[in-house]
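A short worksheet on the structure shown next.
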Amino acid sequence: MSKPSIPQGTRDFSPVVVRKRQYIFNTLRSIFELYGFQPLETPAMENLTTLTGKYGEEGDRLIFKILNNGLHEKNEAGKEKLNTEWNKVLSKAYSSPEVTERALRYDLTIPFARYVVMNQNDIAFPFKRYQMQPVWRADRPQKGRYREFWQCDADVVGSTSLINEAELLCIYQAAFMQLQVPVKIKINSRKLLAAIAELCGTPEKMIDITVALDKLDKIGWDGVTKELRERGIDDDGINKIEKVINVTGDNDARLAALSEIMKDCAIGLEGIKELRTSLCYYDGLSDKSWNGIIEVDISLARGLNYYTGVIVEVVCESDKVKMGSIGGGGRYDDLTGLFGLKGLSGVGISFGIDRIYDVMEELCVFPEQLASGAKVILLNFGGDNEQYAISVLKQLRTAGISAELYPDAAKFDKQMKYANKRNMAYVILPGDEEREKGMVSLKNFLTGEQKMMMLNECIGLLSA
RNA sequence: GAGGUUGUAGCUCAGUUGGUUAGAGCAUCAGAUUGUGGUUCUGAGGGUCGAGGGUUCGAGACCCUUCAUCCUCCCCA
């Protein structure tokens, strides 16, 4: 049995799918450029030491490691050493430079931080970059989760201004407006979550509280209560958290109510002030014709530990589609500190390309013309007619018309069927009669209409 | 890391309590049709039933092992 296959959790993208994906990429790219972001690409592989320890214990296990080449060339002593190291690698989540020194990138953020640190002398800060590349995780694939998937990030480093937060919100707005995906943008601040932990009298349990709160959508308040208890929060604390997450009304009302609850908590007030300022800048920058909403959501936590300020998440708001988060991001105060460059603040957002694709497919919002391929095909009647077809083909392409010639003088029926399957808009039939008259017959494949005409007229028609 | 699902033609899948030579649709190729496509009609090719072992007179079906696959939990995007 030698049926071909592809590795688990990877996908082929057929022509139509690639066109649709490129439509998403192109849309996002043009928006990033409009906002002054610059493109960046980094290698598929990084040094393993760059990646390990950055994603937590769980994350480290999911890094795809690349086997060193030249493993067989060791001398006797080397072989023995390699053998012991190899066994260690096999027995647990462990890595050894003897066996592996490189790994596939796990996300775009750490390579970006690495790039910034390496090029700090050349970069003009604040540095705004966007990056759209595949990343790899040795995770167990399941629905909507792959071992190779694309991330699309936009970050600003080297500025603490909340104008950046507002601009990133605008980018989200513009992107989902253009892609015609109805969304809600949820916004919160890690400082408010820290304030909650402080209110509970357990500031050191902020991570526990955020992890539990993050599940509110999934497991409901009862589930969260249970989880909070397990994580060592007392009833008094839980009551306070309940009070905070039950704050309702529009964003102004929510923030006002929160500042009342947190009036004695400096970090909470700071978080509220930041949210107010960000939303104020956003108000000045945003497109008022957008019909989505931005909502302050105190239960929004985001999994990643490195966020320190404002955090956002985008969820699809259509009745027709059930989909979780399709984007998210936030501010992180010291990401480059991991590589020795301290005090550089950054804020970034990410688009979940694969999920956005699924949502758009479900909502049927891809432009229709993406489906068609080349515009016109010339049938091949062989002999002199083939020569004639080639001269016509050349003139069409010179005129900028996407055209192709059926390469073999196959049966007429077969060529027509091919044209049909390829979704061609037009067919040109350069046969004996056309060649002798120096004309072409152009058939509109949608209407079935066919007419013999001069090539110039044909080019004019196809250029329209 | 834990639990479950499914492996039969290129693709999607039928296949009865275990019973002769394993089927269908789609796709491919040929013909009806030598310059008019999507619809028809006729015919053809194509399978070590994921792999290995076992039970049986007899296994695609039952048992064991193994590999692959998809899904759920954990975690994440």
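Within each chain, counting starts at residue 1; across the structure tokens, chains are named A, B, ... in the order shown, with ligands numbered 1 upward in that order.
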
*If we count only C-alpha atoms (C1' of nucleotides), which residues of chain B reach to within 7 Å of chain A? Please list them as a VMD selection string.*
chain B and resid 37 71 77

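Residues in contact range of segment 54-63 of chain B, defined as at most 10 Å between only C-alpha atoms (C1' of nucleotides), with sequence neighbours fewer than 4 positions away removed, read U8, G15, G18, G19, A22 and C49 of chain B.
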
*Could you tell me how far atom CA of Thr160 of chain A lies from atom CA of Glu46 of chain A, in Å and to one decimal?*
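Atom CA of Thr160 of chain A sits 28.5 Å away from atom CA of Glu46 of chain A.
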
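Residue nearest A68 of chain B within the list B:U16, B:U34, B:G50, B:G3: B:G50 [criterion: smallest interatomic distance, only C-alpha atoms (C1' of nucleotides)].
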